[in-house]
Amino acid sequence: MTDPVQTLAARLRAGDRRALAKAVTLVESARADHREMAEALIAEIMPDTGTAMRVGISGVPGVGKSTFIEAFGTHVTALGHRIAVLAVDPSSKRGGGSILGDKTRMELLSRNPDAFIRPSPAGETLGGVARRSRESILLCEAAGFDVILVETVGVGQSETAVAEMTDLFLLLLLPAGGDELQGLKKGIVELADMILVNKADGALADQARRTAADYHGALRLLSKAGADWTVPVLPVSAQTGDGIADAWTRMEAFRSMMAESGALAARRSQQARNWLWDELMAEMAQRLKADPSVRDLLPQIQQAVADGDTPAPVGARRLIAALLDGRAGNVS
């Protein structure tokens with residue numbers, strides 16, 4: 001009998017979209033048998049990954065991320081590229097599923113044969129990205145998609161999380177005045193490799209251009225570590241398509257510069273290290289919850305911490321000791 005993992009990997013390499021959807025579902029599953037298959041699948045397709053341009057997109061709610069992605073995706077597929085969109089939605093506290101349903105808001109792109117859209121609930125993962133987004137990126141690359149977009153739920157921790165798994169971090173902004181500019185966090189701008197001011201059309205066209213100029217001036221006061229790259233700040237309109245072609249040209253230029261300088265390989269190597277540590281922390285948390293010796297000790301430690309008898313760091317060390325030693329050892 002053919003190994004199901006090898007069969008699924010072969011279908012992925014052939015560009016089978018149903019196989020890709022099945023594979024993403026597999027890596028997102030928390031079942032132990034599914035995790036074992038998912039890890040084997042990722043190992044199998046690793047040689048077929050790494051060639052796509054990985055772009056992270058973030059912005060405040062209402063900035064028009066989904067509308068921009070549809071216009072952008074339509075443009076790049078018309079140029080002969082295949083685009084995959086990993087849209088991470090907020091999770092319902094009641095059912096755990098996605099709330100916004102981004103796929104329904106990208107009607108044209110969802111029907112495009114050269115596009116693949118996968119909304120995934122963020123779950124309990126901090127930062128606006130799903131825990132398995134990195135693996136989903138690899139699966140999309142193995143299926144032949146050469147542009148991968150990771151859309152986060154909004155601004156906040158999401159910038160750092162998405163920047164640690166993509167080649168280029170794109171920040172979308174709304175046309176705004178000086179007060180809004182003053183309120184922008186320095187850390188968010190420092191992460192951005194490109195800034196686009198969306199909704200540069202109609203009555204907001206002039207305001208969008210002024211906002212882009214203001215941000216361009218503000219960026220001169222910030223020093224961005226890494227390659228010799230001046231962060232472009234461009235007005236765009238997802239509604240009319242104005243500025244989309246220019247944005248794509250700048251993205252290609254950025255990736256070419258990063259690849260030629262070696263910065264792209266260095267960035268991905270660091271991202272792989274970060275991925276390892278993220279998985280270590282998540283696996284440790286799961287083991288702590290599942291281990292019998294920890295489970296027996298946990299109510300006692302929780303109560304002691306709640307009552308103020310035991311500091312939380314001491315309680316945490318006792319639980320880890322119970323996991324590693326198989327017993328509730330005393331930790332000084």
# chains A, B, ... in the order shown; residues from 1 in each chain; ligands from 1
call {"tool": "residues_around", "arguments": {"residues": "A:Leu174", "least_positions_apart": "3", "cutoff": "9 Å", "atoms": "only C-alpha atoms", "output": "list in words"}}
result
Gly59, Val60, Gly62, Val63, Gly64, Leu196, Val197, Asn198, Lys199, Ala200, Ala208 and Thr211 of chain A
call {"tool": "residues_around", "arguments": {"residues": "A:Asp48", "least_positions_apart": "6", "cutoff": "9 Å", "atoms": "only C-alpha atoms", "output": "list in words"}}
result
Arg13, Leu138, Glu141, Ala142, Ala143 and Gly144 of chain A
call {"tool": "closest_residue", "arguments": {"among": "A:Asp167, A:Leu20, A:Phe116, A:Val314", "to": "A:Ala266", "atoms": "only C-alpha atoms"}}
result
A:Asp167
call {"tool": "closest_residue", "arguments": {"among": "A:Ala259, A:Val24, A:Met194, A:Leu323", "to": "A:Arg131", "atoms": "only C-alpha atoms"}}
result
A:Val24
call {"tool": "closest_residue", "arguments": {"among": "A:Arg31, A:Arg54, A:Arg250, A:Arg287", "to": "A:Val85", "atoms": "only C-alpha atoms"}}
result
A:Arg54
call {"tool": "closest_residue", "arguments": {"among": "A:Cys140, A:Val236, A:Arg18, A:Val189", "to": "A:Pro175", "atoms": "only C-alpha atoms"}}
result
A:Val236
call {"tool": "atom_distance", "arguments": {"atom1": "atom CA of A:Ser136", "atom2": "atom CA of A:Leu109"}}
result
18.9 Å
call {"tool": "closest_residue", "arguments": {"among": "A:Ala32, A:Ala87, A:Met37, A:Val150", "to": "A:Gln286", "atoms": "only C-alpha atoms"}}
result
A:Ala32
call {"tool": "select_by_dssp", "arguments": {"residues": "stretch 152-279 of chain A", "states": "strand (DSSP E or B)", "output": "list in words"}}
result
Leu168, Phe169, Leu170, Leu171, Leu172, Leu173, Met194, Ile195, Leu196, Val197, Val233, Leu234 and Pro235 of chain A
call {"tool": "closest_residue", "arguments": {"among": "A:Arg318, A:Arg111, A:Arg220, A:Arg209", "to": "A:Glu190", "atoms": "only C-alpha atoms"}}
result
A:Arg220
call {"tool": "atom_distance", "arguments": {"atom1": "atom CA of A:Glu39", "atom2": "atom CA of A:Ala322"}}
result
27.5 Å
call {"tool": "atom_distance", "arguments": {"atom1": "atom CA of A:Met106", "atom2": "atom CA of A:Ile148"}}
result
15.6 Å
call {"tool": "decode", "arguments": {"residues": "stretch 284-297 of chain A", "atoms": "N, CA, C and O atoms", "output": "CSV table (one decimal), in the first residue's frame"}}
result
chain,number,residue,atom,x,y,z
A,284,MET,N,6.5,22.2,25.2
A,284,MET,CA,6.7,22.1,26.7
A,284,MET,C,5.3,22.4,27.4
A,284,MET,O,5.0,21.7,28.4
A,285,ALA,N,4.6,23.4,26.9
A,285,ALA,CA,3.3,23.7,27.5
A,285,ALA,C,2.3,22.6,27.4
A,285,ALA,O,1.6,22.2,28.4
A,286,GLN,N,2.3,21.9,26.2
A,286,GLN,CA,1.5,20.8,26.0
A,286,GLN,C,1.8,19.6,26.9
A,286,GLN,O,1.0,18.9,27.5
A,287,ARG,N,3.1,19.4,27.1
A,287,ARG,CA,3.6,18.3,27.9
A,287,ARG,C,3.3,18.5,29.4
A,287,ARG,O,2.9,17.6,30.1
A,288,LEU,N,3.4,19.8,29.8
A,288,LEU,CA,3.0,20.1,31.2
A,288,LEU,C,1.6,19.8,31.5
A,288,LEU,O,1.2,19.4,32.5
A,289,LYS,N,0.7,20.1,30.5
A,289,LYS,CA,-0.7,19.9,30.7
A,289,LYS,C,-1.1,18.4,30.7
A,289,LYS,O,-2.0,18.0,31.3
A,290,ALA,N,-0.3,17.7,29.9
A,290,ALA,CA,-0.7,16.2,29.7
A,290,ALA,C,0.0,15.3,30.7
A,290,ALA,O,-0.6,14.2,31.0
A,291,ASP,N,1.1,15.7,31.3
A,291,ASP,CA,1.9,14.7,32.1
A,291,ASP,C,1.1,14.5,33.4
A,291,ASP,O,0.7,15.4,34.1
A,292,PRO,N,1.0,13.2,33.8
A,292,PRO,CA,0.2,12.8,35.0
A,292,PRO,C,0.8,13.4,36.3
A,292,PRO,O,0.0,13.9,37.2
A,293,SER,N,2.1,13.4,36.4
A,293,SER,CA,2.7,14.0,37.7
A,293,SER,C,2.5,15.5,37.8
A,293,SER,O,2.2,16.0,38.9
A,294,VAL,N,2.5,16.2,36.7
A,294,VAL,CA,2.2,17.6,36.7
A,294,VAL,C,0.7,17.8,36.9
A,294,VAL,O,0.4,18.7,37.7
A,295,ARG,N,-0.1,17.1,36.3
A,295,ARG,CA,-1.5,17.2,36.5
A,295,ARG,C,-2.0,17.0,37.9
A,295,ARG,O,-2.8,17.8,38.4
A,296,ASP,N,-1.3,16.1,38.6
A,296,ASP,CA,-1.7,15.9,40.0
A,296,ASP,C,-1.2,17.0,40.9
A,296,ASP,O,-1.8,17.4,41.9
A,297,LEU,N,0.0,17.6,40.5
A,297,LEU,CA,0.5,18.7,41.3
A,297,LEU,C,-0.1,20.1,41.0
A,297,LEU,O,0.0,20.9,41.9
